[in-house]
Amino acid sequence: MENAVEKKFRNYDESVVKAAVREHYRKMRQNQTYEYVNRMKEKYQTFDKPMMLWDAMERLNALIDVSDPDLDLPNVQHLIQSAEALRADNRPDWMQLVGLIHDLGKVMYLWGSDDDGTSQNEQWGLVGDVFVVGCALPDTCVYPEFNALNPDMQDARYNTTIGIYEPGCGLDHLTLAWGHDEYLYQVLQHHKENKIPEEGMVMIRYHSFYPWHNGGSYEHFMNERDRLYKEWILDFNQYDLYTKSQQIYDLDDIKSYYMPIAEKYLGKKPIMW
C-alpha cells in the first residue's frame, strides 16, 4: 500500500514534477555543508523575535513550499489538513497540535535571506528533505545525482560513511541540513511554557528526515531510543504526507477549536523566534 501511495504523493519523476522542485534540491545539495549549517544555527537561533502562535500561522498563508511536488497551496493549508486528519482519527490533542504547527518553522522566511536560502524566493535553507551533514550523503536522498555537488564530499573529514560521528551515537547527536524542522524544534525547546510531549517534539524535529525514516539510511548511527523515534515518526508521517489535498480551510473557522489546545501546551505568551 505504501508504495502505491508513494507513487501518488512523492513522485519526483522529471516528467511530472516542476523544474523548480529539481532546481531547489540541486541548490540544497550544493550549498548545505557542515560549515553552512553551523553558520545558520548561529544566525537564526537567537530567540529574540516575539510572535504569537496564531500570527505565525497567518504568515504561512503567504508561503508556498517550492520543494513539495504534491501541493501548491499556501503552507498553512497543509498544516490544517494534517491537524484535521488527526482530529478526525481522535488522536491525542497534543498530536493534533503538532500536526497544526509542524511546519511553522518556515516563518523563518520573514527574516530570511536569498543569500542563505531562507527567503520566500530562495528556499533551499528552509524546506525540503534533510540529510546529515558531516558524513557521506546516501543515495536515498531525493535526486542523489546532486550529492557530488556538495563540497563536503571532497573533504576527507566529511566524505566517509561515519564522517565526524561515532557509530551508535544516536540521531540527537547528528547535525542535519538546516531547515524549518530544526529551527522550530529549537524555538520550542527554548520556550519555557512548552509542554508538548517528547513524542511530539521528535515528530517536529525529524519529520523531513526522509533518507532515514523512509529510505533506511543512517542506521549505523541509531541507538535503541532512535528505534522508538522511528515508530513515532512513521505514525505521524501518514498525517503529514498522505492528507494533502486541494481542500481549502479558513484559519478563523478552526481557531476556536485549536487555540485552547495550543494554550494548554504552549501557554498564552508570545513565542520567541
# chains A, B, ... in the order shown; residues from 1 in each chain; ligands from 1

$ residues_around --residues "region 255-268 of chain A" --least-positions-apart "3" --cutoff "8 Å" --atoms "only C-alpha atoms" --output "JSON, numbers by chain"
{"A": [93, 94, 97, 191, 193, 194, 195, 196, 251, 252]}

$ residues_around --residues "region 134-140 of chain A" --least-positions-apart "2" --cutoff "10 Å" --atoms "only C-alpha atoms" --output "mmCIF file with N, CA and C atoms, in the first residue's frame"
data_model
loop_
_atom_site.group_PDB
_atom_site.id
_atom_site.type_symbol
_atom_site.label_atom_id
_atom_site.label_comp_id
_atom_site.auth_asym_id
_atom_site.auth_seq_id
_atom_site.Cartn_x
_atom_site.Cartn_y
_atom_site.Cartn_z
ATOM 1 N N ARG A 29 21.513 20.636 -2.137
ATOM 2 C CA ARG A 29 22.624 19.683 -2.040
ATOM 3 C C ARG A 29 23.960 20.381 -2.230
ATOM 4 N N THR A 33 26.327 22.569 3.531
ATOM 5 C CA THR A 33 27.535 21.934 4.042
ATOM 6 C C THR A 33 27.540 21.989 5.573
ATOM 7 N N TYR A 34 28.481 21.285 6.178
ATOM 8 C CA TYR A 34 28.599 21.290 7.635
ATOM 9 C C TYR A 34 28.852 22.712 8.149
ATOM 10 N N GLU A 35 29.707 23.437 7.465
ATOM 11 C CA GLU A 35 30.015 24.811 7.869
ATOM 12 C C GLU A 35 28.790 25.704 7.720
ATOM 13 N N VAL A 37 25.573 24.885 7.873
ATOM 14 C CA VAL A 37 24.567 24.591 8.894
ATOM 15 C C VAL A 37 24.940 25.230 10.228
ATOM 16 N N PHE A 131 19.144 15.836 5.338
ATOM 17 C CA PHE A 131 20.138 14.767 5.389
ATOM 18 C C PHE A 131 21.183 15.146 6.418
ATOM 19 N N VAL A 132 22.055 14.226 6.767
ATOM 20 C CA VAL A 132 23.109 14.518 7.745
ATOM 21 C C VAL A 132 24.260 15.228 7.039
ATOM 22 N N VAL A 142 16.658 12.571 -2.218
ATOM 23 C CA VAL A 142 15.988 12.933 -3.458
ATOM 24 C C VAL A 142 17.035 13.452 -4.441
ATOM 25 N N TYR A 143 16.990 12.982 -5.685
ATOM 26 C CA TYR A 143 17.969 13.351 -6.709
ATOM 27 C C TYR A 143 19.407 13.112 -6.220
ATOM 28 N N PRO A 144 19.762 11.863 -5.968
ATOM 29 C CA PRO A 144 21.100 11.548 -5.451
ATOM 30 C C PRO A 144 22.222 11.961 -6.405
ATOM 31 N N GLU A 145 21.891 12.199 -7.666
ATOM 32 C CA GLU A 145 22.911 12.641 -8.616
ATOM 33 C C GLU A 145 23.489 14.005 -8.244
ATOM 34 N N PHE A 146 22.804 14.733 -7.358
ATOM 35 C CA PHE A 146 23.312 16.034 -6.920
ATOM 36 C C PHE A 146 24.269 15.923 -5.732
ATOM 37 N N ASN A 147 24.402 14.744 -5.150
ATOM 38 C CA ASN A 147 25.257 14.590 -3.968
ATOM 39 C C ASN A 147 26.685 15.031 -4.226
ATOM 40 N N ALA A 148 27.190 14.732 -5.413
ATOM 41 C CA ALA A 148 28.588 15.044 -5.736
ATOM 42 C C ALA A 148 28.848 16.542 -5.800
ATOM 43 N N ASN A 150 28.073 18.633 -3.531
ATOM 44 C CA ASN A 150 28.320 19.152 -2.192
ATOM 45 C C ASN A 150 29.820 19.199 -1.921
ATOM 46 N N ASP A 152 31.514 19.245 0.707
ATOM 47 C CA ASP A 152 31.959 18.362 1.779
ATOM 48 C C ASP A 152 32.313 16.971 1.268
ATOM 49 N N MET A 153 31.765 16.602 0.120
ATOM 50 C CA MET A 153 32.054 15.271 -0.416
ATOM 51 C C MET A 153 33.460 15.188 -1.015
ATOM 52 N N GLN A 154 34.152 16.331 -1.058
ATOM 53 C CA GLN A 154 35.557 16.355 -1.469
ATOM 54 C C GLN A 154 36.485 16.562 -0.273
ATOM 55 N N ASP A 155 35.906 16.560 0.913
ATOM 56 C CA ASP A 155 36.665 16.805 2.145
ATOM 57 C C ASP A 155 36.775 15.494 2.917
ATOM 58 N N ALA A 156 37.985 15.040 3.174
ATOM 59 C CA ALA A 156 38.212 13.747 3.830
ATOM 60 C C ALA A 156 37.603 13.671 5.230
ATOM 61 N N ARG A 157 37.366 14.813 5.845
ATOM 62 C CA ARG A 157 36.744 14.806 7.181
ATOM 63 C C ARG A 157 35.276 14.393 7.112
ATOM 64 N N TYR A 158 34.643 14.690 5.986
ATOM 65 C CA TYR A 158 33.189 14.571 5.894
ATOM 66 C C TYR A 158 32.672 13.560 4.872
ATOM 67 N N ASN A 159 33.520 12.970 4.060
ATOM 68 C CA ASN A 159 33.014 12.186 2.927
ATOM 69 C C ASN A 159 33.018 10.670 3.149
ATOM 70 N N THR A 160 33.154 10.236 4.399
ATOM 71 C CA THR A 160 33.067 8.805 4.692
ATOM 72 C C THR A 160 31.707 8.495 5.316
ATOM 73 N N THR A 161 31.384 7.236 5.394
ATOM 74 C CA THR A 161 30.087 6.818 5.936
ATOM 75 C C THR A 161 29.894 7.302 7.370
ATOM 76 N N ILE A 162 30.971 7.291 8.146
ATOM 77 C CA ILE A 162 30.904 7.734 9.542
ATOM 78 C C ILE A 162 31.157 9.229 9.674
ATOM 79 N N GLY A 163 32.070 9.751 8.864
ATOM 80 C CA GLY A 163 32.390 11.166 8.929
ATOM 81 C C GLY A 163 32.906 11.579 10.285
ATOM 82 N N ILE A 164 32.341 12.637 10.850
ATOM 83 C CA ILE A 164 32.821 13.177 12.125
ATOM 84 C C ILE A 164 32.138 12.536 13.341
ATOM 85 N N TYR A 165 31.290 11.538 13.090
ATOM 86 C CA TYR A 165 30.477 10.956 14.165
ATOM 87 C C TYR A 165 31.016 9.601 14.630
ATOM 88 N N LEU A 174 23.578 14.001 15.816
ATOM 89 C CA LEU A 174 23.926 14.275 14.423
ATOM 90 C C LEU A 174 23.539 15.710 14.075
ATOM 91 N N THR A 175 24.224 16.279 13.099
ATOM 92 C CA THR A 175 23.877 17.597 12.578
ATOM 93 C C THR A 175 23.189 17.411 11.233
ATOM 94 N N LEU A 176 21.938 17.838 11.151
ATOM 95 C CA LEU A 176 21.171 17.693 9.914
ATOM 96 C C LEU A 176 21.213 18.977 9.108
ATOM 97 N N ALA A 177 20.905 18.854 7.827
ATOM 98 C CA ALA A 177 20.798 20.033 6.964
ATOM 99 C C ALA A 177 19.850 21.038 7.622
ATOM 100 N N TYR A 210 13.649 12.209 5.575
ATOM 101 C CA TYR A 210 13.203 11.072 4.777
ATOM 102 C C TYR A 210 14.289 10.035 4.485
ATOM 103 N N PRO A 211 15.538 10.425 4.210
ATOM 104 C CA PRO A 211 16.540 9.384 3.954
ATOM 105 C C PRO A 211 16.687 8.399 5.108
ATOM 106 N N TRP A 212 16.364 8.858 6.323
ATOM 107 C CA TRP A 212 16.401 7.963 7.490
ATOM 108 C C TRP A 212 15.089 7.220 7.672
ATOM 109 N N ASN A 214 12.362 6.970 5.929
ATOM 110 C CA ASN A 214 11.719 6.362 4.771
ATOM 111 C C ASN A 214 12.698 5.587 3.898
ATOM 112 N N GLY A 215 13.953 6.043 3.858
ATOM 113 C CA GLY A 215 14.936 5.434 2.966
ATOM 114 C C GLY A 215 15.810 4.367 3.593
ATOM 115 N N GLY A 216 15.812 4.290 4.928
ATOM 116 C CA GLY A 216 16.601 3.268 5.602
ATOM 117 C C GLY A 216 18.072 3.581 5.770
ATOM 118 N N SER A 217 18.471 4.816 5.496
ATOM 119 C CA SER A 217 19.874 5.197 5.664
ATOM 120 C C SER A 217 20.158 5.595 7.110
ATOM 121 N N TYR A 218 21.458 5.692 7.423
ATOM 122 C CA TYR A 218 21.959 6.174 8.713
ATOM 123 C C TYR A 218 21.664 5.227 9.877
#

$ atom_distance --atom1 "CA of Arg22 (chain A)" --atom2 "CA of Tyr239 (chain A)"
24.4 Å

$ select_by_dssp --residues "region 116-195 of chain A" --states "strand (DSSP E or B)" --output "list in words"
Val132, Val133, Thr175 and Leu176 of chain A

$ closest_residue --among "A:His220, A:Arg205, A:His24, A:Lys49" --to "Pro167 (chain A)" --atoms "only C-alpha atoms"
A:His220

$ select_by_dssp --residues "region 142-262 of chain A" --states "helix (DSSP H, G or I)" --output "number ranges by chain"
A: 144-149, 151-154, 171-173, 180-189, 198-206, 210-213, 219-221, 224-241, 251-262

$ atom_distance --atom1 "CA of Ser67 (chain A)" --atom2 "CA of Gln120 (chain A)"
12.0 Å

$ atom_distance --atom1 "CA of Gly200 (chain A)" --atom2 "CA of Ala85 (chain A)"
16.0 Å

$ residues_around --residues "Trp178 (chain A)" --least-positions-apart "3" --cutoff "8 Å" --atoms "only C-alpha atoms" --output "JSON, numbers by chain"
{"A": [32, 37, 40, 41, 125, 126, 130, 182, 183]}

$ closest_residue --among "A:Leu149, A:Met108, A:Ile271, A:Leu184" --to "Lys43 (chain A)" --atoms "only C-alpha atoms"
A:Met108

$ residues_around --residues "Gly112 (chain A)" --least-positions-apart "3" --cutoff "12 Å" --atoms "only C-alpha atoms" --output "list in words"
Met40, Lys43, Tyr44, Gly105, Lys106, Val107, Met108, Tyr109, Asp115, Asp116, Gly117, Thr118, Ser119, Gln120, Asn121, Glu122, Gln123, Trp124, Gly125, Leu126, Gly179 and His180 of chain A

$ residues_around --residues "Ser208 (chain A)" --least-positions-apart "4" --cutoff "8 Å" --atoms "only C-alpha atoms" --output "PDB file with C-alpha atoms, in the first residue's frame"
ATOM      1  CA  GLY A 128      12.862  20.025   1.670  1.00  0.00           C
ATOM      2  CA  ASP A 129      14.030  16.589   2.782  1.00  0.00           C
ATOM      3  CA  VAL A 130      17.000  16.898   5.123  1.00  0.00           C
ATOM      4  CA  ASP A 181      12.345  21.271  11.392  1.00  0.00           C
TER       5      ASP A 181
END

$ residues_around --residues "Gly168 (chain A)" --least-positions-apart "6" --cutoff "8 Å" --atoms "only C-alpha atoms" --output "PyMOL selection string"
chain A and resi 220-223
